[in-house]
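Okay, target-v1.tsv is below, TSV, C-alpha atoms and all ligand atoms:
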```
chain	number	residue	atom	x	y	z
I	1	MET	CA	0.00	0.00	0.00
I	2	THR	CA	1.14	3.58	-0.63
I	3	ILE	CA	1.56	6.05	2.23
I	4	GLN	CA	-1.77	7.64	1.34
I	5	GLU	CA	-3.54	4.26	1.23
I	6	ARG	CA	-2.06	3.23	4.59
I	7	THR	CA	-3.06	6.59	6.10
I	8	ASP	CA	-6.62	6.24	4.86
I	9	HIS	CA	-6.76	2.65	6.14
I	10	TYR	CA	-5.25	3.13	9.60
I	11	LEU	CA	-6.17	6.67	10.64
I	12	ILE	CA	-9.64	7.75	11.82
I	13	PRO	CA	-11.11	9.69	8.89
I	14	PHE	CA	-11.53	13.01	10.72
I	15	TYR	CA	-9.40	14.92	8.20
I	16	LYS	CA	-10.11	15.66	4.56
I	17	ARG	CA	-6.55	15.39	3.29
I	18	THR	CA	-5.06	16.89	0.16
I	19	PRO	CA	-3.51	14.11	-1.97
I	20	VAL	CA	0.06	15.28	-1.42
I	21	THR	CA	2.62	13.52	0.80
I	22	ILE	CA	5.08	16.02	2.21
I	23	THR	CA	8.56	14.81	3.04
I	24	ARG	CA	10.65	17.91	3.82
I	25	GLY	CA	10.66	21.68	4.03
I	26	LYS	CA	13.04	24.63	3.90
I	27	GLY	CA	12.08	28.26	4.42
I	28	CYS	CA	8.86	29.01	2.50
I	29	TYR	CA	8.95	25.77	0.51
I	30	VAL	CA	8.00	22.12	1.06
I	31	TRP	CA	8.64	19.09	-1.14
I	32	ASP	CA	6.55	15.98	-1.76
I	33	GLU	CA	7.74	12.38	-2.13
I	34	LYS	CA	8.18	12.82	-5.90
I	35	GLY	CA	10.43	15.83	-5.42
I	36	GLN	CA	7.79	18.37	-6.50
I	37	ARG	CA	8.33	21.72	-4.75
I	38	TYR	CA	5.44	23.81	-3.36
I	39	LEU	CA	5.38	27.39	-2.12
I	40	ASP	CA	3.79	27.00	1.31
I	41	MET	CA	1.23	29.77	1.83
I	42	THR	CA	-0.24	27.81	4.78
I	43	ALA	CA	2.76	27.60	7.17
I	44	GLY	CA	1.08	24.52	8.65
I	45	ILE	CA	-2.02	26.68	9.40
I	46	ALA	CA	-0.20	29.75	10.74
I	47	VAL	CA	2.33	27.74	12.73
I	48	VAL	CA	5.69	27.71	10.96
I	49	ASN	CA	6.08	31.48	11.18
I	50	LEU	CA	9.88	31.45	10.89
I	51	GLY	CA	9.78	29.05	7.94
I	52	HIS	CA	10.52	25.34	7.76
I	53	ASN	CA	13.74	23.99	9.14
I	54	HIS	CA	14.83	27.32	10.63
I	55	PRO	CA	18.57	26.90	11.41
I	56	SER	CA	18.74	28.43	14.90
I	57	VAL	CA	15.47	26.77	16.01
I	58	VAL	CA	16.72	23.38	14.79
I	59	ARG	CA	20.02	24.02	16.60
I	60	ALA	CA	18.18	24.86	19.85
I	61	LEU	CA	16.17	21.64	19.62
I	62	LYS	CA	19.20	19.48	18.83
I	63	THR	CA	21.28	20.96	21.63
I	64	GLN	CA	18.54	20.46	24.19
I	65	ALA	CA	17.71	16.95	22.87
I	66	SER	CA	21.19	15.74	23.76
I	67	LYS	CA	20.89	17.03	27.37
I	68	ILE	CA	17.47	16.17	28.86
I	69	TRP	CA	13.88	16.07	27.53
I	70	HIS	CA	11.56	15.70	30.47
I	71	ILE	CA	11.48	15.83	34.27
I	72	SER	CA	7.87	16.90	35.16
I	73	ASN	CA	6.63	20.01	36.88
I	74	LEU	CA	7.54	18.61	40.28
I	75	PHE	CA	11.01	20.14	39.76
I	76	TYR	CA	12.53	23.44	38.65
I	77	GLN	CA	14.23	23.79	35.28
I	78	GLU	CA	15.83	26.71	33.46
I	79	PRO	CA	14.15	26.71	29.98
I	80	GLN	CA	10.66	27.17	31.52
I	81	ALA	CA	11.76	30.12	33.63
I	82	THR	CA	13.55	31.72	30.68
I	83	LEU	CA	10.57	31.36	28.32
I	84	ALA	CA	8.02	32.55	30.90
I	85	GLN	CA	10.16	35.62	31.64
I	86	ALA	CA	10.54	36.42	27.93
I	87	LEU	CA	6.79	36.10	27.32
I	88	VAL	CA	5.93	38.36	30.25
I	89	GLU	CA	8.55	40.94	29.28
I	90	ARG	CA	6.98	41.18	25.82
I	91	SER	CA	3.32	41.20	26.89
I	92	PHE	CA	2.25	42.47	30.36
I	93	ASP	CA	3.08	41.93	34.01
I	94	GLY	CA	1.80	38.38	34.35
I	95	MET	CA	2.55	34.77	35.17
I	96	VAL	CA	2.59	31.84	32.75
I	97	PHE	CA	1.20	28.30	32.55
I	98	PHE	CA	2.53	25.98	29.85
I	99	ALA	CA	0.29	23.57	27.94
I	100	ASN	CA	0.81	21.52	24.77
I	101	SER	CA	-1.69	22.93	22.28
I	102	GLY	CA	-4.07	25.77	21.61
I	103	ALA	CA	-7.22	24.03	22.79
I	104	GLU	CA	-5.47	23.01	25.97
I	105	ALA	CA	-4.34	26.59	26.61
I	106	ASN	CA	-7.91	27.86	26.11
I	107	ASP	CA	-9.31	25.13	28.32
I	108	GLY	CA	-6.85	26.15	31.05
I	109	ALA	CA	-7.73	29.83	30.61
I	110	LEU	CA	-11.40	28.96	31.07
I	111	LYS	CA	-10.59	27.03	34.24
I	112	ILE	CA	-8.61	30.02	35.57
I	113	ALA	CA	-11.52	32.36	34.79
I	114	ARG	CA	-14.02	30.04	36.51
I	115	LEU	CA	-11.75	29.61	39.56
I	116	TRP	CA	-11.42	33.38	39.81
I	117	GLY	CA	-15.11	34.04	39.12
I	118	ASN	CA	-16.76	31.32	41.19
I	119	LYS	CA	-15.39	32.88	44.37
I	120	GLN	CA	-17.42	35.98	43.53
I	121	GLY	CA	-20.52	34.17	42.30
I	122	LYS	CA	-19.61	34.67	38.63
I	123	ASN	CA	-19.56	31.74	36.22
I	124	LYS	CA	-21.03	32.99	32.95
I	125	VAL	CA	-18.78	33.41	29.91
I	126	ILE	CA	-19.35	35.52	26.81
I	127	ALA	CA	-17.95	34.31	23.49
I	128	LEU	CA	-18.38	35.59	19.95
I	129	GLN	CA	-20.19	34.16	16.98
I	130	GLN	CA	-17.87	33.01	14.15
I	131	SER	CA	-15.12	32.44	16.72
I	132	PHE	CA	-12.89	29.38	16.86
I	133	HIS	CA	-11.19	28.25	20.06
I	134	GLY	CA	-10.33	24.56	19.56
I	135	ARG	CA	-11.77	21.06	19.44
I	136	THR	CA	-12.03	19.82	23.03
I	137	ILE	CA	-15.51	19.74	24.58
I	138	ALA	CA	-14.81	22.95	26.51
I	139	THR	CA	-13.37	24.79	23.53
I	140	ILE	CA	-16.07	23.76	21.04
I	141	SER	CA	-18.49	25.04	23.68
I	142	LEU	CA	-16.72	28.43	23.41
I	143	THR	CA	-16.63	28.31	19.61
I	144	GLY	CA	-19.34	30.33	17.84
I	145	GLN	CA	-19.76	28.10	14.77
I	146	ASP	CA	-22.35	25.29	14.76
I	147	LYS	CA	-20.43	23.10	12.32
I	148	TYR	CA	-17.83	22.32	15.01
I	149	LYS	CA	-20.44	21.57	17.72
I	150	GLN	CA	-23.11	19.46	16.10
I	151	GLY	CA	-23.44	15.95	17.52
I	152	PHE	CA	-21.45	16.57	20.71
I	153	ASP	CA	-24.23	17.52	23.13
I	154	PRO	CA	-24.32	18.19	25.98
I	155	LEU	CA	-21.76	20.99	25.77
I	156	LEU	CA	-20.57	23.24	28.57
I	157	GLY	CA	-23.24	25.56	29.93
I	158	GLU	CA	-23.30	29.23	30.88
I	159	ILE	CA	-21.80	30.51	27.63
I	160	ALA	CA	-23.60	33.38	25.89
I	161	PHE	CA	-22.84	34.25	22.26
I	162	VAL	CA	-22.77	37.71	20.74
I	163	ALA	CA	-22.21	38.62	17.07
I	164	PRO	CA	-19.01	40.62	16.49
I	165	GLY	CA	-19.92	44.32	16.43
I	166	ASP	CA	-23.35	43.87	18.06
I	167	ILE	CA	-22.89	46.28	20.97
I	168	HIS	CA	-26.60	46.23	21.86
I	169	THR	CA	-26.70	42.44	22.53
I	170	LEU	CA	-23.29	42.61	24.20
I	171	ARG	CA	-24.67	45.09	26.74
I	172	GLU	CA	-27.85	43.04	27.17
I	173	LYS	CA	-26.04	39.78	27.90
I	174	TRP	CA	-23.22	41.20	30.00
I	175	ASP	CA	-24.44	41.21	33.60
I	176	HIS	CA	-22.53	40.92	36.88
I	177	SER	CA	-22.48	37.10	36.63
I	178	VAL	CA	-19.99	37.24	33.71
I	179	CYS	CA	-16.54	36.03	34.82
I	180	ALA	CA	-14.92	36.42	31.41
I	181	ILE	CA	-15.21	37.15	27.72
I	182	PHE	CA	-13.25	35.08	25.19
I	183	LEU	CA	-12.32	36.67	21.89
I	184	GLU	CA	-9.90	36.74	18.96
I	185	VAL	CA	-9.05	40.30	17.85
I	186	ILE	CA	-8.99	38.90	14.32
I	187	GLN	CA	-11.24	35.90	13.76
I	188	CYS	CA	-9.09	33.74	11.54
I	189	GLU	CA	-10.92	30.44	11.04
I	190	GLY	CA	-14.16	32.43	11.02
I	191	GLY	CA	-13.21	34.23	7.78
I	192	VAL	CA	-10.22	36.52	8.59
I	193	ARG	CA	-12.12	39.48	10.05
I	194	ALA	CA	-10.90	41.95	12.68
I	195	LEU	CA	-13.17	43.18	15.46
I	196	SER	CA	-13.87	46.91	15.17
I	197	PRO	CA	-12.01	49.23	17.57
I	198	GLU	CA	-15.42	50.53	18.81
I	199	PHE	CA	-16.60	47.03	19.67
I	200	LEU	CA	-13.31	46.33	21.48
I	201	GLN	CA	-13.59	49.61	23.40
I	202	GLU	CA	-17.10	48.63	24.50
I	203	ILE	CA	-15.81	45.21	25.63
I	204	PHE	CA	-13.12	46.91	27.69
I	205	SER	CA	-15.49	49.36	29.34
I	206	LEU	CA	-18.07	46.62	30.12
I	207	ALA	CA	-15.35	44.38	31.56
I	208	ARG	CA	-14.29	47.20	33.89
I	209	GLU	CA	-17.87	48.04	34.84
I	210	LYS	CA	-18.93	44.44	35.56
I	211	ASN	CA	-15.58	43.24	36.91
I	212	SER	CA	-15.04	40.51	34.29
I	213	LEU	CA	-11.84	39.18	32.72
I	214	ILE	CA	-10.85	39.69	29.10
I	215	ILE	CA	-9.28	36.60	27.56
I	216	ILE	CA	-7.73	37.09	24.15
I	217	ASP	CA	-7.07	33.97	22.12
I	218	GLU	CA	-3.77	34.81	20.38
I	219	ILE	CA	-3.22	31.26	19.19
I	220	GLN	CA	-3.38	32.26	15.54
I	221	THR	CA	-2.87	36.03	15.73
I	222	GLY	CA	0.14	35.83	18.05
I	223	MET	CA	3.85	35.31	17.44
I	224	GLY	CA	4.23	38.02	14.80
I	225	ARG	CA	1.49	36.80	12.46
I	226	THR	CA	-0.23	40.20	12.22
I	227	GLY	CA	2.96	42.32	12.25
I	228	THR	CA	3.12	42.89	16.01
I	229	LEU	CA	4.17	40.17	18.44
I	230	PHE	CA	0.55	39.80	19.62
I	231	GLY	CA	-2.59	40.87	17.76
I	232	TYR	CA	-3.99	42.88	20.69
I	233	GLN	CA	-0.98	45.21	20.50
I	234	HIS	CA	-2.50	46.88	17.41
I	235	PHE	CA	-5.43	48.15	19.43
I	236	GLY	CA	-3.80	49.90	22.41
I	237	ILE	CA	-5.52	47.56	24.87
I	238	GLU	CA	-4.28	45.19	27.57
I	239	PRO	CA	-6.14	41.94	28.24
I	240	ASP	CA	-6.18	40.01	31.55
I	241	ILE	CA	-5.25	36.73	29.91
I	242	ILE	CA	-3.80	35.69	26.55
I	243	THR	CA	-3.52	32.18	25.17
I	244	LEU	CA	-0.78	31.11	22.77
I	245	ALA	CA	0.19	28.03	20.74
I	246	LYS	CA	0.75	27.54	16.97
I	247	GLY	CA	3.67	29.87	16.11
I	248	LEU	CA	5.11	29.73	19.62
I	249	GLY	CA	6.94	26.49	18.84
I	250	ASN	CA	7.24	27.03	15.05
I	251	GLY	CA	5.84	23.48	14.68
I	252	PHE	CA	7.05	22.00	17.96
I	253	PRO	CA	3.92	21.45	20.11
I	254	ILE	CA	3.54	23.98	22.92
I	255	GLY	CA	0.74	26.15	24.31
I	256	ALA	CA	0.85	28.89	26.93
I	257	ILE	CA	-1.43	31.02	29.06
I	258	VAL	CA	-0.22	34.43	30.25
I	259	VAL	CA	-2.32	35.70	33.16
I	260	LYS	CA	-2.11	39.09	34.89
I	261	ARG	CA	-0.08	38.73	38.07
I	262	ALA	CA	-2.86	39.78	40.48
I	263	ILE	CA	-5.17	37.06	39.13
I	264	ALA	CA	-2.46	34.41	38.71
I	265	GLN	CA	-1.36	34.81	42.32
I	266	THR	CA	-4.82	33.77	43.54
I	267	MET	CA	-4.60	30.34	41.83
I	268	PRO	CA	-4.33	27.55	44.40
I	269	VAL	CA	-1.63	24.87	44.19
I	270	GLY	CA	-2.86	21.63	42.61
I	271	MET	CA	-5.86	23.03	40.73
I	272	HIS	CA	-4.39	22.70	37.24
I	273	ALA	CA	-1.51	20.73	35.73
I	274	SER	CA	-0.06	19.11	32.61
I	275	THR	CA	2.46	16.28	32.41
I	276	PHE	CA	4.21	17.51	29.27
I	277	GLY	CA	3.43	21.23	29.61
I	278	GLY	CA	6.63	23.25	29.72
I	279	ASN	CA	9.01	20.41	28.90
I	280	PHE	CA	12.66	21.22	28.17
I	281	LEU	CA	12.43	20.74	24.41
I	282	ALA	CA	9.30	22.85	23.83
I	283	CYS	CA	10.53	25.69	26.05
I	284	ARG	CA	13.99	25.79	24.51
I	285	VAL	CA	12.53	25.88	20.99
I	286	ALA	CA	9.93	28.54	21.89
I	287	SER	CA	12.57	30.74	23.54
I	288	GLU	CA	14.58	30.66	20.33
I	289	VAL	CA	11.45	31.51	18.31
I	290	LEU	CA	10.68	34.47	20.56
I	291	HIS	CA	14.29	35.62	20.44
I	292	THR	CA	14.14	35.58	16.61
I	293	LEU	CA	10.94	37.68	16.49
I	294	THR	CA	12.83	40.94	17.12
I	295	PRO	CA	11.29	44.41	16.56
I	296	THR	CA	13.24	44.58	13.27
I	297	PHE	CA	11.83	41.22	12.17
I	298	LEU	CA	8.31	42.43	12.97
I	299	GLU	CA	8.86	45.72	11.10
I	300	ASN	CA	9.84	43.67	8.11
I	301	VAL	CA	6.62	41.62	8.39
I	302	GLN	CA	4.70	44.91	8.26
I	303	LYS	CA	6.63	46.06	5.17
I	304	THR	CA	6.04	42.74	3.41
I	305	SER	CA	2.37	42.89	4.38
I	306	HIS	CA	2.03	46.38	2.94
I	307	TRP	CA	3.60	45.33	-0.35
I	308	PHE	CA	1.48	42.18	-0.58
I	309	HIS	CA	-1.65	44.22	0.21
I	310	GLU	CA	-0.96	46.64	-2.66
I	311	LYS	CA	-0.56	43.75	-5.10
I	312	LEU	CA	-3.81	42.13	-3.91
I	313	VAL	CA	-5.74	45.40	-4.13
I	314	SER	CA	-4.65	45.91	-7.73
I	315	LEU	CA	-5.60	42.29	-8.47
I	316	GLN	CA	-9.04	42.93	-7.01
I	317	ARG	CA	-9.38	46.03	-9.21
I	318	HIS	CA	-8.59	43.85	-12.18
I	319	PHE	CA	-11.11	41.13	-11.28
I	320	PRO	CA	-13.86	42.90	-9.26
I	321	GLU	CA	-16.49	40.34	-10.30
I	322	LEU	CA	-14.39	37.43	-8.93
I	323	VAL	CA	-12.55	38.95	-5.94
I	324	LEU	CA	-15.13	40.54	-3.64
I	325	ASP	CA	-12.92	41.66	-0.78
I	326	VAL	CA	-9.32	41.55	0.39
I	327	ARG	CA	-8.40	41.74	4.10
I	328	VAL	CA	-4.76	41.88	5.08
I	329	TYR	CA	-3.61	41.81	8.72
I	330	GLY	CA	0.14	41.41	8.69
I	331	LEU	CA	0.56	38.08	6.93
I	332	MET	CA	-2.89	36.74	7.80
I	333	ILE	CA	-4.80	37.35	4.60
I	334	GLY	CA	-8.40	36.69	3.60
I	335	ILE	CA	-9.60	36.98	0.00
I	336	ASP	CA	-13.38	36.65	-0.46
I	337	LEU	CA	-14.29	35.00	-3.74
I	338	THR	CA	-17.57	35.19	-5.61
I	339	PRO	CA	-19.81	32.11	-4.96
I	340	SER	CA	-19.45	30.99	-8.59
I	341	LEU	CA	-15.73	30.53	-7.94
I	342	PRO	CA	-15.57	27.99	-5.09
I	343	VAL	CA	-12.49	28.43	-2.92
I	344	THR	CA	-11.83	24.66	-3.03
I	345	GLU	CA	-11.41	24.89	-6.83
I	346	VAL	CA	-8.97	27.77	-6.46
I	347	ILE	CA	-6.96	25.89	-3.82
I	348	ASP	CA	-6.75	22.85	-6.14
I	349	ALA	CA	-5.73	25.02	-9.09
I	350	LEU	CA	-3.03	26.73	-7.01
I	351	ARG	CA	-1.71	23.37	-5.85
I	352	HIS	CA	-1.46	22.08	-9.41
I	353	LYS	CA	0.75	25.11	-10.11
I	354	GLY	CA	2.92	24.52	-7.03
I	355	ILE	CA	1.28	26.62	-4.29
I	356	LEU	CA	-0.39	25.42	-1.08
I	357	ALA	CA	-3.17	27.63	0.34
I	358	LEU	CA	-5.99	27.51	2.92
I	359	ARG	CA	-9.65	28.33	3.18
I	360	ALA	CA	-11.70	30.07	5.88
I	361	GLY	CA	-15.30	31.13	6.48
I	362	GLU	CA	-17.77	30.60	3.63
I	363	ASN	CA	-15.77	31.17	0.46
I	364	THR	CA	-12.58	32.87	1.57
I	365	LEU	CA	-9.11	32.04	0.34
I	366	ARG	CA	-6.83	32.30	3.36
I	367	LEU	CA	-3.09	32.85	3.11
I	368	ALA	CA	-0.82	32.52	6.13
I	369	PRO	CA	2.68	32.13	4.69
I	370	PRO	CA	5.86	31.92	6.76
I	371	LEU	CA	6.65	35.46	7.92
I	372	ILE	CA	9.99	35.32	6.10
I	373	ILE	CA	8.27	35.30	2.71
I	374	GLY	CA	9.87	37.67	0.20
I	375	LYS	CA	8.88	39.64	-2.90
I	376	LYS	CA	9.98	36.80	-5.18
I	377	GLU	CA	7.52	34.34	-3.62
I	378	ILE	CA	4.71	36.90	-3.45
I	379	THR	CA	5.21	37.81	-7.11
I	380	PHE	CA	5.01	34.13	-8.04
I	381	PHE	CA	1.77	33.75	-6.05
I	382	ILE	CA	0.23	36.85	-7.68
I	383	GLN	CA	1.16	35.62	-11.18
I	384	VAL	CA	-0.35	32.18	-10.62
I	385	PHE	CA	-3.47	33.50	-8.89
I	386	SER	CA	-4.02	36.12	-11.67
I	387	HIS	CA	-3.72	33.40	-14.26
I	388	ILE	CA	-6.39	31.32	-12.47
I	389	LEU	CA	-8.70	34.35	-12.26
I	390	GLU	CA	-8.08	35.19	-15.93
I	391	GLU	CA	-9.06	31.66	-16.98
I	392	LYS	CA	-12.22	31.86	-14.89
I	393	LYS	CA	-13.07	35.24	-16.40
I	394	ARG	CA	-12.72	33.78	-19.88
I	395	GLY	CA	-15.19	31.08	-18.86
I	396	GLN	CA	-12.71	28.28	-18.68
I	397	ASN	CA	-12.50	25.79	-15.83
I	398	VAL	CA	-9.81	26.88	-13.35
I	401	LIG	C1	-7.79	31.00	17.33
I	401	LIG	C2	-7.54	29.55	17.63
I	401	LIG	N1	-7.74	29.09	18.86
I	401	LIG	C3	-7.51	27.80	19.18
I	401	LIG	C4	-7.09	26.90	18.24
I	401	LIG	C5	-6.86	25.46	18.62
I	401	LIG	O1	-5.51	25.18	18.64
I	401	LIG	P1	-5.01	23.65	18.61
I	401	LIG	O2	-5.39	23.09	17.28
I	401	LIG	O3	-3.53	23.74	18.83
I	401	LIG	O4	-5.70	22.95	19.73
I	401	LIG	C6	-6.88	27.33	16.92
I	401	LIG	C7	-6.47	26.38	15.86
I	401	LIG	O5	-6.69	26.57	14.69
I	401	LIG	C8	-7.11	28.69	16.60
I	401	LIG	O6	-6.94	29.16	15.37
```
Show me this structure written as structure tokens.
Ligand SMILES: Cc1ncc(COP(=O)(O)O)c(C=O)c1O
Amino acid sequence: MTIQERTDHYLIPFYKRTPVTITRGKGCYVWDEKGQRYLDMTAGIAVVNLGHNHPSVVRALKTQASKIWHISNLFYQEPQATLAQALVERSFDGMVFFANSGAEANDGALKIARLWGNKQGKNKVIALQQSFHGRTIATISLTGQDKYKQGFDPLLGEIAFVAPGDIHTLREKWDHSVCAIFLEVIQCEGGVRALSPEFLQEIFSLAREKNSLIIIDEIQTGMGRTGTLFGYQHFGIEPDIITLAKGLGNGFPIGAIVVKRAIAQTMPVGMHASTFGGNFLACRVASEVLHTLTPTFLENVQKTSHWFHEKLVSLQRHFPELVLDVRVYGLMIGIDLTPSLPVTEVIDALRHKGILALRAGENTLRLAPPLIIGKKEITFFIQVFSHILEEKKRGQNV
């Protein structure tokens, strides 16, 4: 049997896989088993922000791997302390808990909010429609999209949903029993859409008024993806809790929760834990990732984003009947396509021409390339994408 046949035979069919078997990667490119090269505009779904096989990250992993991998959180170890300090120094005065994935970080953040809130008779949580927070029972309960929740009842209770931008309902649902609101400043899976600054301001004033926590899910928007280290830093706001994963390990599994010090200090010993959370390997790798995401690196992401945006806007002007909207937040990009041009067809057509891309929302082409992408790669993408749009315009199959 081929690799694909064995995969389909032995793995639970939860994933709809693209018929490509990837064997290696370098920078913005990956190669399949036949040696075909692809420009990776997915970065493993906004994970491999520094590019595949990044030399200093690989070096950090190898060096640590030859020393020690695991000891448990019953002991002290240096890489955890170093990474926690670096995260706090680049976010806000807080304390950190390490997990292994995004969903696990969000689940832990919810537990922290409930532990904090229950003492004051608060257990309700507000979450947003079109949000995405993970696939565990707790995190699908927080997710505002039915397609991820159907069939899993009963879900967690006391979660109220509000549409992004709907200030009226937000005020209506936000009473003194709310312990926390969960949000993404840019909803990525939900279609690549930023919350409006007015809506965020309202969230911050209601949180102050009702004494509730603001939890920002930075799992996809964090680690430089939007041109600042964390997405919330664009908005001049400071949350109580942020959750991280994806780009934090550049592909090595790690999640983290950063919690404001005053709240973190009230957490009792023994109320939350993770066997693998904060292991030597993950922390060493993530420290190297953070170290690489310097202010100069992030400025460069913003410059690249600006350039890419200009190219996409002129493409949209060229094909207004096919490209309905272009949203660019750093290197998280959403391109809405007309319904007669299904995004799945475009993704297939791009792949046949050597480019891997993602989808989001209803019919949105989502691009989340490694942040090191350059003009050469962007120009190639624009050429190929224009060609696909041109063929569609001429009435040919893409
Ligand atoms: C915003 C957001 N939160 C949470 C998650 C879940 O992360 P993980 O798949 O690591 O559990 C994701 C994953 O796509 C995400 O985009």
Task: Pairwise distance for atom CA of Ser386 of chain I and atom CA of Ile355 of chain I, rounded to one decimal in Å - done: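 A separation of 13.1 Å between them.
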TODO: Could you please extract the residues within 9 Å of ligand LIG 401 (chain I), counting only C-alpha atoms and all ligand atoms, and hand them back as a VMD selection string?
DONE: chain I and resid 45 to 46 100 to 106 131 to 136 139 143 183 to 184 186 to 189 217 to 221 243 to 246 253 to 255
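The nearest approach to Val88 of chain I among the residues I:Ile241, I:Val301, I:Ala160, I:Val313, with all atoms listed in the file taken into account, belongs to I:Ile241.
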Open item on the list: Taking all atoms listed in the file into account, name the residue in I:Thr344, I:Gly121, I:Val258, I:Ala357 that is nearest to Ala84 of chain I.
Closed with: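 Ranking I:Thr344, I:Gly121, I:Val258, I:Ala357 by distance to Ala84 of chain I, first place goes to I:Val258.
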Open item on the list: Using only C-alpha atoms - which residues lie no farther than 10 Å from the point (-20.0, 42.0, 12.6) in the file's frame? Write them as a list of chain:residue names.
Closed with: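 Here is the list of nearby residues: I:Leu128, I:Gln129, I:Gln130, I:Val162, I:Ala163, I:Pro164, I:Gly165, I:Asp166, I:Ile167, I:Arg193, I:Ala194, I:Leu195, I:Ser196, I:Phe199.
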